[in-house]
$ cat run-v4.pdb   # PDB, C-alpha atoms, pLDDT in the B column
ATOM      1  CA  GLU Y 170      36.642  13.530   7.015  1.00 87.00           C
ATOM      2  CA  PRO Y 171      40.004  13.811   5.228  1.00 90.00           C
ATOM      3  CA  ASP Y 172      39.395  10.874   2.852  1.00 92.00           C
ATOM      4  CA  ALA Y 173      35.745  11.735   2.046  1.00 93.00           C
ATOM      5  CA  ARG Y 174      34.649  12.911  -1.376  1.00 92.00           C
ATOM      6  CA  VAL Y 175      33.403  16.513  -1.318  1.00 95.00           C
ATOM      7  CA  VAL Y 176      30.874  17.769  -3.868  1.00 94.00           C
ATOM      8  CA  ILE Y 177      28.429  20.605  -4.408  1.00 96.00           C
ATOM      9  CA  LYS Y 178      25.042  19.669  -5.844  1.00 94.00           C
ATOM     10  CA  THR Y 179      22.279  21.945  -7.080  1.00 94.00           C
ATOM     11  CA  THR Y 180      18.950  21.268  -8.795  1.00 94.00           C
ATOM     12  CA  LEU Y 181      17.488  23.383 -11.602  1.00 94.00           C
ATOM     13  CA  ASN Y 182      14.412  23.318 -13.784  1.00 93.00           C
ATOM     14  CA  LYS Y 183      15.449  21.765 -17.103  1.00 91.00           C
ATOM     15  CA  ASN Y 184      14.003  24.818 -18.899  1.00 92.00           C
ATOM     16  CA  ASP Y 185      16.277  27.244 -17.002  1.00 95.00           C
ATOM     17  CA  ALA Y 186      18.695  27.763 -19.892  1.00 95.00           C
ATOM     18  CA  ASP Y 187      20.658  30.586 -18.222  1.00 97.00           C
ATOM     19  CA  GLY Y 188      21.088  28.621 -14.986  1.00 96.00           C
ATOM     20  CA  ILE Y 189      22.205  25.510 -16.835  1.00 95.00           C
ATOM     21  CA  THR Y 190      24.721  27.480 -18.917  1.00 96.00           C
ATOM     22  CA  LEU Y 191      26.100  29.110 -15.763  1.00 96.00           C
ATOM     23  CA  HIS Y 192      26.590  25.763 -14.027  1.00 96.00           C
ATOM     24  CA  GLN Y 193      28.212  24.173 -17.073  1.00 95.00           C
ATOM     25  CA  ASN Y 194      30.592  27.142 -17.413  1.00 96.00           C
ATOM     26  CA  GLU Y 195      31.554  26.703 -13.756  1.00 96.00           C
ATOM     27  CA  GLY Y 196      32.438  23.045 -14.255  1.00 95.00           C
ATOM     28  CA  TYR Y 197      29.266  21.362 -12.979  1.00 96.00           C
ATOM     29  CA  GLN Y 198      28.172  18.107 -14.612  1.00 95.00           C
ATOM     30  CA  PRO Y 199      24.608  16.708 -14.888  1.00 93.00           C
ATOM     31  CA  PHE Y 200      24.178  14.052 -12.217  1.00 88.00           C
ATOM     32  CA  ARG Y 201      20.495  13.072 -12.127  1.00 88.00           C
ATOM     33  CA  TYR Y 202      17.193  13.943 -13.804  1.00 89.00           C
ATOM     34  CA  HIS Y 203      13.947  14.207 -11.848  1.00 90.00           C
ATOM     35  CA  TRP Y 204      10.298  14.461 -12.781  1.00 92.00           C
ATOM     36  CA  ARG Y 205       7.542  16.096 -10.788  1.00 93.00           C
ATOM     37  CA  MET Y 206       4.536  13.971 -11.701  1.00 96.00           C
ATOM     38  CA  GLU Y 207       0.870  14.790 -11.127  1.00 97.00           C
ATOM     39  CA  ILE Y 208      -2.633  13.456 -11.486  1.00 98.00           C
ATOM     40  CA  VAL Y 209      -5.877  15.446 -11.332  1.00 98.00           C
ATOM     41  CA  LEU Y 210      -8.841  13.394 -10.145  1.00 97.00           C
ATOM     42  CA  ASN Y 211     -12.187  14.444 -11.610  1.00 95.00           C
ATOM     43  CA  SER Y 212     -13.885  11.330 -10.224  1.00 96.00           C
ATOM     44  CA  PRO Y 213     -13.110   8.803  -7.481  1.00 95.00           C
ATOM     45  CA  PRO Y 214      -9.971   6.769  -8.264  1.00 95.00           C
ATOM     46  CA  GLU Y 215      -9.939   3.078  -9.018  1.00 91.00           C
ATOM     47  CA  GLU Y 216     -10.592   0.793  -6.057  1.00 92.00           C
ATOM     48  CA  PRO Y 217      -7.268  -0.492  -4.604  1.00 92.00           C
ATOM     49  CA  LYS Y 218      -6.644  -4.221  -5.160  1.00 93.00           C
ATOM     50  CA  LEU Y 219      -4.331  -5.370  -2.403  1.00 96.00           C
ATOM     51  CA  PRO Y 220      -2.369  -8.611  -2.845  1.00 96.00           C
ATOM     52  CA  GLU Y 221      -3.723 -11.528  -0.855  1.00 95.00           C
ATOM     53  CA  GLY Y 222      -2.777 -11.385   2.810  1.00 96.00           C
ATOM     54  CA  ILE Y 223      -1.913  -7.663   2.767  1.00 97.00           C
ATOM     55  CA  GLU Y 224      -3.861  -5.043   4.688  1.00 97.00           C
ATOM     56  CA  ILE Y 225      -3.490  -1.292   5.143  1.00 96.00           C
ATOM     57  CA  ARG Y 226      -3.324  -0.192   8.775  1.00 95.00           C
ATOM     58  CA  SER Y 227      -3.094   3.248  10.340  1.00 91.00           C
ATOM     59  CA  PHE Y 228       0.363   4.439  11.367  1.00 97.00           C
ATOM     60  CA  ILE Y 229       0.777   4.769  15.125  1.00 96.00           C
ATOM     61  CA  LYS Y 230       3.617   7.118  16.043  1.00 96.00           C
ATOM     62  CA  ASP Y 231       6.041   5.778  18.691  1.00 95.00           C
ATOM     63  CA  GLU Y 232       4.704   2.253  18.112  1.00 96.00           C
ATOM     64  CA  HIS Y 233       5.462   1.719  14.413  1.00 97.00           C
ATOM     65  CA  ASP Y 234       8.462   4.072  14.047  1.00 97.00           C
ATOM     66  CA  ALA Y 235      11.209   1.444  14.054  1.00 97.00           C
ATOM     67  CA  ALA Y 236       9.401  -0.936  11.698  1.00 97.00           C
ATOM     68  CA  VAL Y 237       8.706   1.778   9.106  1.00 98.00           C
ATOM     69  CA  TRP Y 238      12.273   3.113   9.445  1.00 98.00           C
ATOM     70  CA  GLN Y 239      13.713  -0.337   8.729  1.00 97.00           C
ATOM     71  CA  ALA Y 240      11.373  -0.854   5.768  1.00 97.00           C
ATOM     72  CA  ASP Y 241      12.281   2.599   4.391  1.00 96.00           C
ATOM     73  CA  ASN Y 242      16.022   1.889   4.574  1.00 95.00           C
ATOM     74  CA  GLU Y 243      15.563  -1.516   2.921  1.00 95.00           C
ATOM     75  CA  ALA Y 244      13.275  -0.344   0.122  1.00 92.00           C
ATOM     76  CA  PHE Y 245      15.705   2.370  -1.020  1.00 90.00           C
ATOM     77  CA  ARG Y 246      18.937   0.364  -1.024  1.00 86.00           C
ATOM     78  CA  ASP Y 247      18.530  -0.028  -4.811  1.00 75.00           C
ATOM     79  CA  HIS Y 248      18.530   3.726  -5.412  1.00 73.00           C
ATOM     80  CA  PRO Y 249      21.732   5.532  -6.467  1.00 66.00           C
ATOM     81  CA  GLY Y 250      22.930   7.987  -3.833  1.00 65.00           C
ATOM     82  CA  SER Y 251      20.730   6.583  -1.062  1.00 73.00           C
ATOM     83  CA  HIS Y 252      22.143   6.032   2.401  1.00 80.00           C
ATOM     84  CA  GLU Y 253      21.062   4.261   5.566  1.00 89.00           C
ATOM     85  CA  TRP Y 254      19.347   6.500   8.113  1.00 93.00           C
ATOM     86  CA  THR Y 255      19.783   5.969  11.820  1.00 96.00           C
ATOM     87  CA  LEU Y 256      16.469   5.796  13.638  1.00 97.00           C
ATOM     88  CA  GLU Y 257      17.018   9.219  15.221  1.00 96.00           C
ATOM     89  CA  GLU Y 258      17.941  10.802  11.875  1.00 95.00           C
ATOM     90  CA  TRP Y 259      14.869   9.271  10.286  1.00 96.00           C
ATOM     91  CA  ARG Y 260      12.574  10.490  13.073  1.00 97.00           C
ATOM     92  CA  ARG Y 261      13.896  14.047  12.760  1.00 96.00           C
ATOM     93  CA  TYR Y 262      13.552  14.007   8.968  1.00 94.00           C
ATOM     94  CA  ARG Y 263      10.006  12.631   9.059  1.00 96.00           C
ATOM     95  CA  PHE Y 264       8.456  14.035  12.211  1.00 96.00           C
ATOM     96  CA  ASP Y 265       9.996  17.539  12.257  1.00 95.00           C
ATOM     97  CA  ASP Y 266       8.379  18.226   8.885  1.00 92.00           C
ATOM     98  CA  PRO Y 267       5.741  20.929   9.560  1.00 92.00           C
ATOM     99  CA  GLU Y 268       3.433  19.109   7.109  1.00 92.00           C
ATOM    100  CA  PHE Y 269       3.739  15.763   8.927  1.00 95.00           C
ATOM    101  CA  ASP Y 270       0.290  14.170   9.271  1.00 95.00           C
ATOM    102  CA  PRO Y 271       0.344  10.545  10.487  1.00 96.00           C
ATOM    103  CA  SER Y 272      -3.246  10.025   9.317  1.00 96.00           C
ATOM    104  CA  LEU Y 273      -1.943  10.320   5.714  1.00 97.00           C
ATOM    105  CA  TRP Y 274       0.634   7.545   6.137  1.00 98.00           C
ATOM    106  CA  MET Y 275      -0.521   4.303   4.471  1.00 96.00           C
ATOM    107  CA  ILE Y 276       1.308   1.241   5.863  1.00 98.00           C
ATOM    108  CA  ALA Y 277       0.808  -2.158   4.181  1.00 98.00           C
ATOM    109  CA  TRP Y 278       1.249  -5.100   6.542  1.00 98.00           C
ATOM    110  CA  ASP Y 279       1.652  -8.801   5.843  1.00 98.00           C
ATOM    111  CA  GLY Y 280       0.959 -10.225   9.278  1.00 96.00           C
ATOM    112  CA  ASP Y 281       3.457  -8.534  11.571  1.00 95.00           C
ATOM    113  CA  GLU Y 282       5.830  -7.465   8.763  1.00 97.00           C
ATOM    114  CA  ILE Y 283       5.687  -4.246   6.764  1.00 98.00           C
ATOM    115  CA  ALA Y 284       5.461  -5.033   3.046  1.00 98.00           C
ATOM    116  CA  GLY Y 285       5.257  -1.453   1.790  1.00 98.00           C
ATOM    117  CA  TYR Y 286       4.212   2.078   2.634  1.00 98.00           C
ATOM    118  CA  SER Y 287       3.185   5.446   1.221  1.00 98.00           C
ATOM    119  CA  LEU Y 288       4.226   8.363   3.458  1.00 98.00           C
ATOM    120  CA  ASN Y 289       2.020  11.241   2.351  1.00 98.00           C
ATOM    121  CA  ARG Y 290       1.535  14.905   3.254  1.00 97.00           C
ATOM    122  CA  TYR Y 291       0.298  18.190   1.813  1.00 96.00           C
ATOM    123  CA  ARG Y 292       2.711  20.314  -0.230  1.00 94.00           C
ATOM    124  CA  MET Y 293       2.085  23.659  -1.935  1.00 90.00           C
ATOM    125  CA  GLY Y 294      -1.658  23.203  -1.569  1.00 92.00           C
ATOM    126  CA  ILE Y 295      -1.885  19.777  -3.196  1.00 96.00           C
ATOM    127  CA  GLY Y 296      -1.736  16.178  -1.999  1.00 97.00           C
ATOM    128  CA  TRP Y 297       1.856  14.932  -2.064  1.00 98.00           C
ATOM    129  CA  ILE Y 298       3.202  11.397  -2.019  1.00 97.00           C
ATOM    130  CA  ARG Y 299       6.480  12.108  -0.287  1.00 96.00           C
ATOM    131  CA  THR Y 300       7.888   8.579  -0.201  1.00 96.00           C
ATOM    132  CA  ILE Y 301       6.476   5.293  -1.467  1.00 96.00           C
ATOM    133  CA  GLY Y 302       8.312   2.006  -1.138  1.00 95.00           C
ATOM    134  CA  VAL Y 303       7.805  -1.751  -1.389  1.00 95.00           C
ATOM    135  CA  ARG Y 304      10.253  -4.176   0.184  1.00 96.00           C
ATOM    136  CA  ARG Y 305      11.901  -6.680  -2.178  1.00 94.00           C
ATOM    137  CA  PRO Y 306       9.967  -9.831  -1.166  1.00 95.00           C
ATOM    138  CA  TRP Y 307       6.646  -8.098  -1.968  1.00 96.00           C
ATOM    139  CA  ARG Y 308       7.547  -6.489  -5.296  1.00 94.00           C
ATOM    140  CA  LYS Y 309       5.884  -7.323  -8.631  1.00 93.00           C
ATOM    141  CA  ARG Y 310       2.588  -8.222  -6.924  1.00 95.00           C
ATOM    142  CA  GLY Y 311       0.717  -4.964  -7.480  1.00 96.00           C
ATOM    143  CA  LEU Y 312       1.321  -3.546  -4.010  1.00 97.00           C
ATOM    144  CA  GLY Y 313       2.824  -0.260  -5.199  1.00 96.00           C
ATOM    145  CA  GLU Y 314      -0.173   0.310  -7.463  1.00 97.00           C
ATOM    146  CA  ALA Y 315      -2.593  -0.484  -4.627  1.00 97.00           C
ATOM    147  CA  LEU Y 316      -0.809   1.939  -2.282  1.00 97.00           C
ATOM    148  CA  LEU Y 317      -1.061   4.698  -4.877  1.00 97.00           C
ATOM    149  CA  TYR Y 318      -4.781   4.139  -5.420  1.00 97.00           C
ATOM    150  CA  HIS Y 319      -5.331   3.995  -1.659  1.00 97.00           C
ATOM    151  CA  SER Y 320      -3.490   7.317  -1.277  1.00 97.00           C
ATOM    152  CA  PHE Y 321      -5.420   8.880  -4.160  1.00 98.00           C
ATOM    153  CA  ALA Y 322      -8.696   7.802  -2.577  1.00 97.00           C
ATOM    154  CA  GLU Y 323      -7.827   9.373   0.770  1.00 97.00           C
ATOM    155  CA  TYR Y 324      -6.855  12.685  -0.825  1.00 97.00           C
ATOM    156  CA  TYR Y 325     -10.021  12.645  -2.939  1.00 97.00           C
ATOM    157  CA  ARG Y 326     -12.085  11.978   0.185  1.00 97.00           C
ATOM    158  CA  ARG Y 327     -10.453  15.042   1.783  1.00 97.00           C
ATOM    159  CA  GLY Y 328     -11.239  17.216  -1.229  1.00 97.00           C
ATOM    160  CA  LYS Y 329      -7.738  17.273  -2.781  1.00 96.00           C
ATOM    161  CA  LYS Y 330      -7.995  16.386  -6.443  1.00 97.00           C
ATOM    162  CA  THR Y 331      -4.446  17.249  -7.531  1.00 98.00           C
ATOM    163  CA  ILE Y 332      -1.787  14.837  -6.279  1.00 98.00           C
ATOM    164  CA  GLY Y 333       1.912  14.962  -7.041  1.00 97.00           C
ATOM    165  CA  LEU Y 334       5.250  13.338  -6.318  1.00 97.00           C
ATOM    166  CA  GLY Y 335       8.907  13.617  -7.290  1.00 93.00           C
ATOM    167  CA  VAL Y 336      10.862  10.774  -8.893  1.00 91.00           C
ATOM    168  CA  ASN Y 337      14.250  10.053 -10.444  1.00 86.00           C
ATOM    169  CA  ALA Y 338      13.505   9.964 -14.174  1.00 80.00           C
ATOM    170  CA  HIS Y 339      15.772   6.894 -14.481  1.00 75.00           C
ATOM    171  CA  ASN Y 340      14.470   5.136 -11.384  1.00 69.00           C
ATOM    172  CA  PRO Y 341      15.987   1.604 -11.336  1.00 64.00           C
ATOM    173  CA  THR Y 342      12.880  -0.036  -9.846  1.00 65.00           C
ATOM    174  CA  GLY Y 343      10.589   1.062 -12.704  1.00 72.00           C
ATOM    175  CA  ALA Y 344       8.672   3.552 -10.567  1.00 82.00           C
ATOM    176  CA  THR Y 345       8.082   5.971 -13.453  1.00 87.00           C
ATOM    177  CA  ARG Y 346       6.254   3.249 -15.418  1.00 90.00           C
ATOM    178  CA  LEU Y 347       4.102   2.508 -12.383  1.00 93.00           C
ATOM    179  CA  TYR Y 348       3.175   6.168 -11.912  1.00 95.00           C
ATOM    180  CA  GLN Y 349       2.240   6.498 -15.571  1.00 94.00           C
ATOM    181  CA  LYS Y 350       0.177   3.312 -15.367  1.00 95.00           C
ATOM    182  CA  VAL Y 351      -2.023   4.803 -12.629  1.00 96.00           C
ATOM    183  CA  GLY Y 352      -2.573   7.973 -14.659  1.00 96.00           C
ATOM    184  CA  MET Y 353       0.182  10.330 -13.485  1.00 97.00           C
ATOM    185  CA  HIS Y 354       2.105  12.427 -16.005  1.00 95.00           C
ATOM    186  CA  PRO Y 355       5.318  14.493 -15.876  1.00 92.00           C
ATOM    187  CA  ALA Y 356       4.405  18.081 -14.966  1.00 93.00           C
ATOM    188  CA  SER Y 357       8.006  19.377 -14.958  1.00 92.00           C
ATOM    189  CA  GLU Y 358      11.548  18.068 -15.246  1.00 93.00           C
ATOM    190  CA  HIS Y 359      14.566  19.072 -13.164  1.00 93.00           C
ATOM    191  CA  VAL Y 360      18.251  18.266 -13.418  1.00 93.00           C
ATOM    192  CA  THR Y 361      20.712  17.991 -10.545  1.00 93.00           C
ATOM    193  CA  TYR Y 362      24.229  19.226 -11.313  1.00 95.00           C
ATOM    194  CA  GLU Y 363      27.309  18.185  -9.372  1.00 95.00           C
ATOM    195  CA  LYS Y 364      30.797  19.669  -9.015  1.00 96.00           C
ATOM    196  CA  GLU Y 365      33.545  17.687  -7.320  1.00 95.00           C
ATOM    197  CA  LEU Y 366      35.734  19.743  -4.982  1.00 95.00           C
ATOM    198  CA  ARG Y 367      37.820  16.827  -3.721  1.00 95.00           C
ATOM    199  CA  ALA Y 368      38.041  13.192  -4.793  1.00 94.00           C
ATOM    200  CA  GLY Y 369      37.621  10.474  -2.181  1.00 93.00           C
ATOM    201  CA  ARG Y 370      35.326   7.812  -0.823  1.00 89.00           C
ATOM    202  CA  ASN Y 371      31.581   8.335  -0.959  1.00 82.00           C
ATOM    203  CA  VAL Y 372      29.954   8.717   2.466  1.00 75.00           C
TER     204      VAL Y 372
END

$ encode --input "run-v4.pdb" --output "structure tokens"
Amino acid sequence: EPDARVVIKTTLNKNDADGITLHQNEGYQPFRYHWRMEIVLNSPPEEPKLPEGIEIRSFIKDEHDAAVWQADNEAFRDHPGSHEWTLEEWRRYRFDDPEFDPSLWMIAWDGDEIAGYSLNRYRMGIGWIRTIGVRRPWRKRGLGEALLYHSFAEYYRRGKKTIGLGVNAHNPTGATRLYQKVGMHPASEHVTYEKELRAGRNV
């Protein structure tokens, strides 16, 4: 659109000195830092402690789609650069993934409302927590921690001892502290560079 801001973004390993120099010489600016965090389980993980009234239920495709989509949009409104998905966009993004496995999706319900979720899959041979979110009314009650332990336990049960995820290193919801609390550590750091081609409104 004629009034839209146009940018190029690219992500590099923070240790790629030549790539970083190239991007800086071409006028790119650092935009965001990311960690890939991991945990290796040598024994069963801690038992999840769900907040009172919360239960984990299996995800049922075509029945729970809209509820999880709405919870996903709401949980990430705090994150810089996030945008609202339409239901069809969200379905394509989630379900067209060749690694999509609904049995790895952990959905936390409070009655008939979704409180939080951990949408998991396999990636590069390890267990991967693709997206984890807790809606605002249920934050600071230990639900994120419980979802992580529940996910760890399922991967461990399936024989996957290494589990990873990606996170903004300056996550505004304190996610990095939560991941470190449950035993995850930064395995690598990446930086996203941005170059503005045309000023305008963000879309």

$ atom_distance --input "run-v4.pdb" --atom1 "CA of Arg326 (chain Y)" --atom2 "CA of Glu232 (chain Y)"
26.4 Å

$ resolve_selection --input "run-v4.pdb" --expression "the PyMOL selection byres ((chain Y and resi 312-315) around 6)" --output "PDB file with C-alpha atoms, keeping the file's coordinate frame"
ATOM      1  CA  PRO Y 217      -7.268  -0.492  -4.604  1.00 92.00           C
ATOM      2  CA  LYS Y 218      -6.644  -4.221  -5.160  1.00 93.00           C
ATOM      3  CA  LEU Y 219      -4.331  -5.370  -2.403  1.00 96.00           C
ATOM      4  CA  ARG Y 310       2.588  -8.222  -6.924  1.00 95.00           C
ATOM      5  CA  GLY Y 311       0.717  -4.964  -7.480  1.00 96.00           C
ATOM      6  CA  LEU Y 316      -0.809   1.939  -2.282  1.00 97.00           C
ATOM      7  CA  LEU Y 317      -1.061   4.698  -4.877  1.00 97.00           C
ATOM      8  CA  TYR Y 318      -4.781   4.139  -5.420  1.00 97.00           C
TER       9      TYR Y 318
END

$ residues_around --input "run-v4.pdb" --residues "region 295-303 of chain Y" --least-positions-apart "3" --cutoff "8 Å" --atoms "only C-alpha atoms" --output "list in words"
Asp241, Ala244, Phe245, Ala284, Gly285, Tyr286, Ser287, Leu288, Asn289, Arg290, Tyr291, Arg292, Trp307, Arg308, Leu312, Gly313, Ser320, Tyr324, Lys329, Lys330, Thr331, Ile332, Gly333, Leu334 and Gly335 of chain Y

$ residues_around --input "run-v4.pdb" --residues "region 360-369 of chain Y" --least-positions-apart "5" --cutoff "7 Å" --atoms "only C-alpha atoms" --output "ChimeraX atom specification"
/Y:172-183,196-203

$ atom_distance --input "run-v4.pdb" --atom1 "CA of Thr255 (chain Y)" --atom2 "CA of Ala236 (chain Y)"
12.5 Å

$ resolve_selection --input "run-v4.pdb" --expression "the PyMOL selection byres ((chain Y and resi 337) around 7)" --output "list in words"
Tyr202, His203, Trp204, Val336, Ala338, His339 and Asn340 of chain Y

$ resolve_selection --input "run-v4.pdb" --expression "the PyMOL selection byres ((chain Y and resi 233) around 12)" --output "mmCIF file with C-alpha atoms, keeping the file's coordinate frame"
data_model
loop_
_atom_site.group_PDB
_atom_site.id
_atom_site.type_symbol
_atom_site.label_atom_id
_atom_site.label_comp_id
_atom_site.auth_asym_id
_atom_site.auth_seq_id
_atom_site.Cartn_x
_atom_site.Cartn_y
_atom_site.Cartn_z
ATOM 1 C CA ARG Y 226 -3.324 -0.192 8.775
ATOM 2 C CA SER Y 227 -3.094 3.248 10.340
ATOM 3 C CA PHE Y 228 0.363 4.439 11.367
ATOM 4 C CA ILE Y 229 0.777 4.769 15.125
ATOM 5 C CA LYS Y 230 3.617 7.118 16.043
ATOM 6 C CA ASP Y 231 6.041 5.778 18.691
ATOM 7 C CA GLU Y 232 4.704 2.253 18.112
ATOM 8 C CA ASP Y 234 8.462 4.072 14.047
ATOM 9 C CA ALA Y 235 11.209 1.444 14.054
ATOM 10 C CA ALA Y 236 9.401 -0.936 11.698
ATOM 11 C CA VAL Y 237 8.706 1.778 9.106
ATOM 12 C CA TRP Y 238 12.273 3.113 9.445
ATOM 13 C CA GLN Y 239 13.713 -0.337 8.729
ATOM 14 C CA ALA Y 240 11.373 -0.854 5.768
ATOM 15 C CA LEU Y 256 16.469 5.796 13.638
ATOM 16 C CA ARG Y 260 12.574 10.490 13.073
ATOM 17 C CA PRO Y 271 0.344 10.545 10.487
ATOM 18 C CA TRP Y 274 0.634 7.545 6.137
ATOM 19 C CA MET Y 275 -0.521 4.303 4.471
ATOM 20 C CA ILE Y 276 1.308 1.241 5.863
ATOM 21 C CA ALA Y 277 0.808 -2.158 4.181
ATOM 22 C CA TRP Y 278 1.249 -5.100 6.542
ATOM 23 C CA ASP Y 281 3.457 -8.534 11.571
ATOM 24 C CA GLU Y 282 5.830 -7.465 8.763
ATOM 25 C CA ILE Y 283 5.687 -4.246 6.764
ATOM 26 C CA TYR Y 286 4.212 2.078 2.634
#

$ closest_residue --input "run-v4.pdb" --among "Y:Gly343, Y:Gly280, Y:Tyr325, Y:Pro171" --to "Ile223 (chain Y)" --atoms "all atoms listed in the file"
Y:Gly280

$ atom_distance --input "run-v4.pdb" --atom1 "CA of Phe264 (chain Y)" --atom2 "CA of Ser251 (chain Y)"
19.6 Å

$ decode --input "run-v4.pdb" --residues "region 289-328 of chain Y" --atoms "C-alpha atoms" --output "compact mmCIF listing (two decimals), in the first residue's frame"
# COMPACT_ATOMS: atom_id res chain seq x y z
CA ASN Y 289 4.49 -28.08 20.42
CA ARG Y 290 6.08 -30.05 17.57
CA TYR Y 291 9.33 -31.75 16.58
CA ARG Y 292 12.08 -29.65 14.99
CA MET Y 293 15.53 -30.74 13.80
CA GLY Y 294 15.21 -34.00 15.71
CA ILE Y 295 14.37 -32.50 19.09
CA GLY Y 296 11.20 -31.57 20.96
CA TRP Y 297 10.24 -27.97 20.18
CA ILE Y 298 7.93 -25.62 22.03
CA ARG Y 299 6.80 -23.56 19.07
CA THR Y 300 4.46 -21.17 20.87
CA ILE Y 301 3.51 -20.88 24.53
CA GLY Y 302 1.10 -18.27 25.82
CA VAL Y 303 -1.00 -17.37 28.86
CA ARG Y 304 -3.89 -14.94 28.61
CA ARG Y 305 -3.70 -11.85 30.84
CA PRO Y 306 -6.31 -12.83 33.46
CA TRP Y 307 -4.40 -16.06 34.22
CA ARG Y 308 -0.85 -14.68 34.39
CA LYS Y 309 1.35 -14.73 37.51
CA ARG Y 310 -0.33 -17.91 38.81
CA GLY Y 311 2.24 -20.46 37.67
CA LEU Y 312 0.37 -21.58 34.57
CA GLY Y 313 3.23 -20.96 32.14
CA GLU Y 314 5.55 -23.02 34.34
CA ALA Y 315 3.00 -25.84 34.56
CA LEU Y 316 2.55 -25.88 30.78
CA LEU Y 317 6.30 -26.15 30.29
CA TYR Y 318 6.62 -29.04 32.73
CA HIS Y 319 3.63 -30.75 31.13
CA SER Y 320 5.26 -30.38 27.70
CA PHE Y 321 8.61 -31.62 29.01
CA ALA Y 322 6.92 -34.68 30.49
CA GLU Y 323 5.22 -35.58 27.22
CA TYR Y 324 8.45 -35.29 25.24
CA TYR Y 325 10.29 -37.35 27.87
CA ARG Y 326 7.56 -40.00 27.69
CA ARG Y 327 8.10 -40.13 23.91
CA GLY Y 328 11.86 -40.53 24.31
